[in-house]
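The file start.cif contains mmCIF, C-alpha atoms:
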```
data_target
#
loop_
_atom_site.label_atom_id
_atom_site.label_comp_id
_atom_site.auth_asym_id
_atom_site.auth_seq_id
_atom_site.Cartn_x
_atom_site.Cartn_y
_atom_site.Cartn_z
CA MET A 1 0.52 55.29 -16.38
CA PHE A 2 -3.21 55.73 -16.80
CA ARG A 3 -3.00 59.32 -18.03
CA SER A 4 -3.19 60.13 -21.67
CA SER A 5 -0.50 62.23 -23.23
CA ASP A 6 -2.89 63.28 -25.96
CA ARG A 7 -5.36 65.69 -24.39
CA GLY A 8 -6.97 66.70 -27.65
CA ARG A 9 -8.78 63.45 -28.35
CA GLY A 10 -11.77 64.04 -26.29
CA GLY A 11 -10.83 64.48 -22.69
CA ALA A 12 -12.17 61.78 -20.41
CA VAL A 13 -13.11 59.40 -23.22
CA GLY A 14 -9.60 59.58 -24.61
CA ASP A 15 -8.21 58.98 -21.16
CA LEU A 16 -10.43 55.95 -20.78
CA GLU A 17 -9.32 54.52 -24.11
CA ASP A 18 -5.69 55.09 -23.23
CA ASN A 19 -6.20 53.53 -19.83
CA LEU A 20 -7.80 50.44 -21.42
CA ALA A 21 -4.95 50.18 -23.89
CA THR A 22 -2.41 50.44 -21.08
CA PHE A 23 -4.32 47.84 -19.04
CA ALA A 24 -4.44 45.48 -22.03
CA GLY A 25 -0.68 45.84 -22.39
CA ASN A 26 -0.19 44.93 -18.71
CA GLU A 27 -2.49 41.93 -19.12
CA ASP A 28 0.10 40.25 -21.35
CA ASP A 29 2.70 40.68 -18.64
CA GLN A 30 0.37 39.12 -16.10
CA MET A 31 -0.33 36.17 -18.38
CA SER A 32 3.36 35.47 -18.72
CA ASP A 33 3.63 35.25 -14.93
CA ASP A 34 0.90 32.61 -14.86
CA ASP A 35 2.56 30.75 -17.70
CA ASN A 36 5.81 30.69 -15.73
CA ALA A 37 3.95 29.17 -12.79
CA ALA A 38 2.56 26.35 -14.94
CA PRO A 39 5.75 24.22 -14.84
CA GLU A 40 5.78 24.48 -11.05
CA MET A 41 2.18 23.31 -10.87
CA GLN A 42 2.96 20.51 -13.33
CA SER A 43 5.79 19.27 -11.11
CA GLU A 44 3.39 19.27 -8.15
CA LEU A 45 0.92 17.22 -10.19
CA ASP A 46 3.69 14.80 -11.16
CA GLU A 47 4.63 14.36 -7.49
CA GLY A 48 1.00 13.59 -6.67
CA MET A 49 0.86 10.99 -9.43
CA ASP A 50 4.06 9.40 -8.11
CA GLN A 51 2.54 9.12 -4.66
CA GLN A 52 -0.58 7.49 -6.11
CA ALA A 53 1.55 4.92 -7.92
CA GLU A 54 3.06 3.69 -4.68
CA ASP A 55 4.83 0.45 -4.15
CA PRO A 56 2.35 -2.47 -3.91
CA PHE A 57 4.31 -3.83 -0.96
CA GLN A 58 3.79 -0.62 1.01
CA LEU A 59 0.10 -0.51 0.09
CA ALA A 60 -0.29 -4.10 1.29
CA MET A 61 1.55 -3.28 4.52
CA ASP A 62 -0.67 -0.27 5.16
CA ASP A 63 -3.74 -2.43 4.56
CA LEU A 64 -2.51 -5.10 6.97
CA GLU A 65 -1.77 -2.54 9.64
CA GLY A 66 -5.17 -0.95 9.14
CA ARG A 67 -6.97 -4.27 9.55
CA VAL A 68 -5.01 -5.13 12.67
CA VAL A 69 -5.59 -1.73 14.23
CA GLY A 70 -9.31 -1.93 13.45
CA ALA A 71 -9.66 -5.37 15.05
CA LEU A 72 -7.61 -4.38 18.10
CA ASP A 73 -9.71 -1.24 18.51
CA ASP A 74 -12.85 -3.39 18.47
CA VAL A 75 -11.42 -5.51 21.28
CA LYS A 76 -10.31 -2.46 23.26
CA ILE A 77 -13.78 -0.87 23.17
CA HIS A 78 -15.58 -4.14 23.94
CA PRO A 79 -17.48 -3.83 27.24
CA GLY A 80 -16.24 -7.17 28.56
CA ILE A 81 -19.70 -8.71 28.77
CA ARG A 82 -21.45 -10.82 26.21
CA SER A 83 -23.11 -8.35 23.85
CA SER A 84 -24.65 -10.81 21.40
CA ASP A 85 -26.65 -14.00 21.72
CA ASP A 86 -24.57 -15.49 18.90
CA TYR A 87 -21.87 -16.48 21.39
CA LYS A 88 -22.05 -18.78 24.42
CA THR A 89 -19.49 -16.84 26.45
CA VAL A 90 -17.72 -13.50 26.40
CA GLN A 91 -14.46 -15.39 25.77
CA ASP A 92 -15.91 -16.78 22.53
CA GLU A 93 -16.96 -13.29 21.51
CA LEU A 94 -13.53 -11.82 22.26
CA ALA A 95 -11.80 -14.70 20.48
CA THR A 96 -13.93 -13.96 17.42
CA LEU A 97 -12.95 -10.31 17.59
CA LEU A 98 -9.26 -11.27 17.87
CA ARG A 99 -9.42 -13.80 15.02
CA PRO A 100 -8.59 -11.23 12.28
CA VAL A 101 -5.53 -10.18 14.29
CA MET A 102 -4.34 -13.77 14.43
CA GLU A 103 -5.03 -14.37 10.74
CA VAL A 104 -3.11 -11.29 9.68
CA ALA A 105 -0.26 -11.86 12.13
CA ALA A 106 0.17 -15.57 11.42
CA HIS A 107 -0.87 -16.10 7.79
CA THR A 108 -1.62 -13.00 5.74
CA ALA A 109 1.50 -11.08 6.76
CA PRO A 110 3.98 -13.86 5.86
CA SER A 111 2.15 -14.39 2.59
CA ILE A 112 2.39 -10.69 1.75
CA ALA A 113 6.08 -10.70 2.68
CA ARG A 114 6.80 -13.62 0.37
CA THR A 115 4.64 -12.29 -2.46
CA TYR A 116 5.91 -8.72 -2.59
CA TYR A 117 9.54 -9.25 -1.62
CA GLN A 118 12.05 -6.94 -3.20
CA GLY A 119 15.52 -8.08 -3.98
CA VAL A 120 17.18 -11.05 -5.52
CA GLY A 121 17.19 -14.58 -4.23
CA PRO A 122 16.59 -15.75 -0.70
CA GLU A 123 18.11 -12.59 0.80
CA GLY A 124 15.29 -10.50 -0.68
CA VAL A 125 12.64 -12.82 0.70
CA GLU A 126 14.23 -12.91 4.14
CA ALA A 127 14.57 -9.13 4.29
CA SER A 128 10.94 -8.72 3.26
CA VAL A 129 9.77 -11.28 5.81
CA GLU A 130 11.80 -9.57 8.51
CA GLU A 131 10.36 -6.15 7.66
CA VAL A 132 6.76 -7.40 7.66
CA TYR A 133 7.26 -9.32 10.90
CA GLN A 134 8.80 -6.26 12.52
CA ARG A 135 6.07 -3.83 11.41
CA VAL A 136 3.00 -6.00 11.92
CA VAL A 137 3.82 -8.50 14.62
CA SER A 138 6.66 -7.05 16.71
CA ASP A 139 5.67 -3.40 16.61
CA LEU A 140 1.89 -3.69 16.56
CA VAL A 141 0.25 -6.98 17.53
CA LEU A 142 2.48 -8.25 20.34
CA PRO A 143 2.85 -4.95 22.26
CA VAL A 144 -0.90 -4.24 22.20
CA LEU A 145 -1.79 -7.78 23.28
CA LEU A 146 0.83 -7.66 26.03
CA GLU A 147 -0.41 -4.29 27.25
CA MET A 148 -3.98 -5.59 27.27
CA ALA A 149 -2.96 -8.76 29.13
CA GLN A 150 -1.11 -6.75 31.77
CA SER A 151 -3.25 -3.72 32.37
CA ASP A 152 -6.80 -4.08 31.08
CA THR A 153 -9.32 -3.71 33.89
CA ILE A 154 -11.69 -6.28 32.41
CA PRO A 155 -10.63 -9.84 33.30
CA ALA A 156 -12.25 -11.35 30.18
CA LYS A 157 -10.09 -9.17 27.94
CA ARG A 158 -6.94 -10.02 29.89
CA GLY A 159 -7.75 -13.71 29.50
CA ALA A 160 -8.54 -13.36 25.80
CA SER A 161 -5.27 -11.59 25.10
CA LEU A 162 -3.30 -14.24 27.01
CA GLU A 163 -5.10 -16.97 25.08
CA CYS A 164 -4.25 -15.12 21.89
CA PHE A 165 -0.52 -15.55 22.63
CA ARG A 166 -0.98 -19.30 22.88
CA ASN A 167 -3.06 -19.41 19.71
CA LEU A 168 -0.57 -17.24 17.82
CA TYR A 169 2.23 -19.67 18.64
CA LYS A 170 0.13 -22.57 17.38
CA GLU A 171 -0.74 -20.65 14.22
CA PHE A 172 2.91 -19.68 13.65
CA LEU A 173 3.79 -23.38 13.42
CA LYS A 174 1.26 -24.08 10.66
CA PRO A 175 2.35 -24.30 7.00
CA GLY A 176 2.89 -20.93 5.35
CA SER A 177 3.39 -19.04 8.60
CA TRP A 178 6.49 -17.51 10.19
CA LEU A 179 7.87 -20.70 11.74
CA ASP A 180 7.17 -22.94 8.77
CA VAL A 181 10.53 -24.58 8.01
CA ASN A 182 9.59 -25.22 4.37
CA HIS A 183 9.38 -21.51 3.47
#
```
Please express what this file holds, its structure, as structure tokens.
Amino acid sequence: MFRSSDRGRGGAVGDLEDNLATFAGNEDDQMSDDDNAAPEMQSELDEGMDQQAEDPFQLAMDDLEGRVVGALDDVKIHPGIRSSDDYKTVQDELATLLRPVMEVAAHTAPSIARTYYQGVGPEGVEASVEEVYQRVVSDLVLPVLLEMAQSDTIPAKRGASLECFRNLYKEFLKPGSWLDVNH
């Protein structure tokens, strides 16, 4: 492949020229392989663009779950003693930490469900509300609060999580929430 068939052109220099010519010929073959790979890479780029243009409902759900998880993590790592002079008692401090959980669970989540529902008519709204309630409240908020109320070693956190159940029920009855009969 790299040997010259014409030995009379100057020995090693001729061999080098022939080798370069052969290499240049192979370069075209190599380029065609890269060109064939381009459509595959383009389809990968298209898939990435599709993932970036996600459904706004799913993006909103992920945001809600992220906020709830962040607030619940803050409560879980709380030492159980008053850590700031801004609050009179540790219960006030824990209630403040749990407030975003209640707002998302009782007001923001139903609003998101009604805003981004998919489907036609009341069935679409009800299916969306059911999905949001299931993902945010049933699968995330209630189990974590129940687990904290049952097994947390710090009495202030157990009390705050129990109080959160009572407050959630009261919030659920307010207009625009899950138990609002007008929606």
Running the PyMOL selection byres ((chain A and resi 71-80) around 9) on this model by hand, what would come out? Give it as a PDB file with C-alpha atoms, keeping the file's coordinate frame.
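Here's the written file part_34.pdb:
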```pdb
ATOM      1  CA  GLY A  66      -5.170  -0.950   9.140  1.00  0.00           C
ATOM      2  CA  ARG A  67      -6.970  -4.270   9.550  1.00  0.00           C
ATOM      3  CA  VAL A  68      -5.010  -5.130  12.670  1.00  0.00           C
ATOM      4  CA  VAL A  69      -5.590  -1.730  14.230  1.00  0.00           C
ATOM      5  CA  GLY A  70      -9.310  -1.930  13.450  1.00  0.00           C
ATOM      6  CA  ILE A  81     -19.700  -8.710  28.770  1.00  0.00           C
ATOM      7  CA  ARG A  82     -21.450 -10.820  26.210  1.00  0.00           C
ATOM      8  CA  SER A  83     -23.110  -8.350  23.850  1.00  0.00           C
ATOM      9  CA  VAL A  90     -17.720 -13.500  26.400  1.00  0.00           C
ATOM     10  CA  GLN A  91     -14.460 -15.390  25.770  1.00  0.00           C
ATOM     11  CA  LEU A  94     -13.530 -11.820  22.260  1.00  0.00           C
ATOM     12  CA  LEU A  97     -12.950 -10.310  17.590  1.00  0.00           C
ATOM     13  CA  LEU A  98      -9.260 -11.270  17.870  1.00  0.00           C
ATOM     14  CA  ARG A  99      -9.420 -13.800  15.020  1.00  0.00           C
ATOM     15  CA  PRO A 100      -8.590 -11.230  12.280  1.00  0.00           C
ATOM     16  CA  VAL A 101      -5.530 -10.180  14.290  1.00  0.00           C
ATOM     17  CA  VAL A 141       0.250  -6.980  17.530  1.00  0.00           C
ATOM     18  CA  VAL A 144      -0.900  -4.240  22.200  1.00  0.00           C
ATOM     19  CA  LEU A 145      -1.790  -7.780  23.280  1.00  0.00           C
ATOM     20  CA  MET A 148      -3.980  -5.590  27.270  1.00  0.00           C
ATOM     21  CA  ASP A 152      -6.800  -4.080  31.080  1.00  0.00           C
ATOM     22  CA  ILE A 154     -11.690  -6.280  32.410  1.00  0.00           C
ATOM     23  CA  PRO A 155     -10.630  -9.840  33.300  1.00  0.00           C
ATOM     24  CA  ALA A 156     -12.250 -11.350  30.180  1.00  0.00           C
ATOM     25  CA  LYS A 157     -10.090  -9.170  27.940  1.00  0.00           C
TER      26      LYS A 157
END
```
Straight-line distance linking atom CA of A:Ser177 with atom CA of A:Ser111, stated in Å to one decimal: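 Value for the atom CA of A:Ser177-atom CA of A:Ser111 distance: 7.7 Å.
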A:Arg114 environment, 7 Å, all atoms listed in the file, sequence neighbours closer than 4 positions dropped, as a list in words: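 Counting only the stated atoms, we get Pro110, Val125 and Val129 of chain A.
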Restricting it to C-alpha atoms, dump the selection as a PDB file, in the frame of the given file.
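Produced file again32.pdb, reproduced below:
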```pdb
ATOM      1  CA  PRO A 110       3.980 -13.860   5.860  1.00  0.00           C
ATOM      2  CA  VAL A 125      12.640 -12.820   0.700  1.00  0.00           C
ATOM      3  CA  VAL A 129       9.770 -11.280   5.810  1.00  0.00           C
TER       4      VAL A 129
END
```
Residue among A:Glu54, A:Glu171, A:Glu65, A:Asp85 lying closest to A:Asp139, counting all atoms listed in the file: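 Among the listed residues, A:Glu65 lies closest to A:Asp139.
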Write out as a PDB file with C-alpha atoms, in the coordinates of the input which residues come within 12 Å of stretch 172-174 of chain A when counting all atoms listed in the file, dropping same-chain ones fewer than 5 positions away.
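New file result23.pdb:
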```pdb
ATOM      1  CA  MET A 102      -4.340 -13.770  14.430  1.00  0.00           C
ATOM      2  CA  GLU A 103      -5.030 -14.370  10.740  1.00  0.00           C
ATOM      3  CA  VAL A 104      -3.110 -11.290   9.680  1.00  0.00           C
ATOM      4  CA  ALA A 105      -0.260 -11.860  12.130  1.00  0.00           C
ATOM      5  CA  ALA A 106       0.170 -15.570  11.420  1.00  0.00           C
ATOM      6  CA  HIS A 107      -0.870 -16.100   7.790  1.00  0.00           C
ATOM      7  CA  THR A 108      -1.620 -13.000   5.740  1.00  0.00           C
ATOM      8  CA  ALA A 109       1.500 -11.080   6.760  1.00  0.00           C
ATOM      9  CA  PRO A 110       3.980 -13.860   5.860  1.00  0.00           C
ATOM     10  CA  TYR A 133       7.260  -9.320  10.900  1.00  0.00           C
ATOM     11  CA  VAL A 137       3.820  -8.500  14.620  1.00  0.00           C
ATOM     12  CA  CYS A 164      -4.250 -15.120  21.890  1.00  0.00           C
ATOM     13  CA  PHE A 165      -0.520 -15.550  22.630  1.00  0.00           C
ATOM     14  CA  ARG A 166      -0.980 -19.300  22.880  1.00  0.00           C
ATOM     15  CA  ASN A 167      -3.060 -19.410  19.710  1.00  0.00           C
ATOM     16  CA  LEU A 179       7.870 -20.700  11.740  1.00  0.00           C
ATOM     17  CA  ASP A 180       7.170 -22.940   8.770  1.00  0.00           C
ATOM     18  CA  VAL A 181      10.530 -24.580   8.010  1.00  0.00           C
ATOM     19  CA  ASN A 182       9.590 -25.220   4.370  1.00  0.00           C
ATOM     20  CA  HIS A 183       9.380 -21.510   3.470  1.00  0.00           C
TER      21      HIS A 183
END
```
Distance of atom CA of A:Glu123 from atom CA of A:Ala60, expressed in Å to one decimal place: 20.3 Å
Between atom CA of A:Leu146 and atom CA of A:Tyr116, distance in Å (one decimal):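 Interatomic distance, atom CA of A:Leu146 to atom CA of A:Tyr116: 29.1 Å.
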Result set, the PyMOL selection byres ((chain A and resi 57) around 8) on current file, as number ranges by chain: A: 55-56, 58-61, 112-113, 116-117
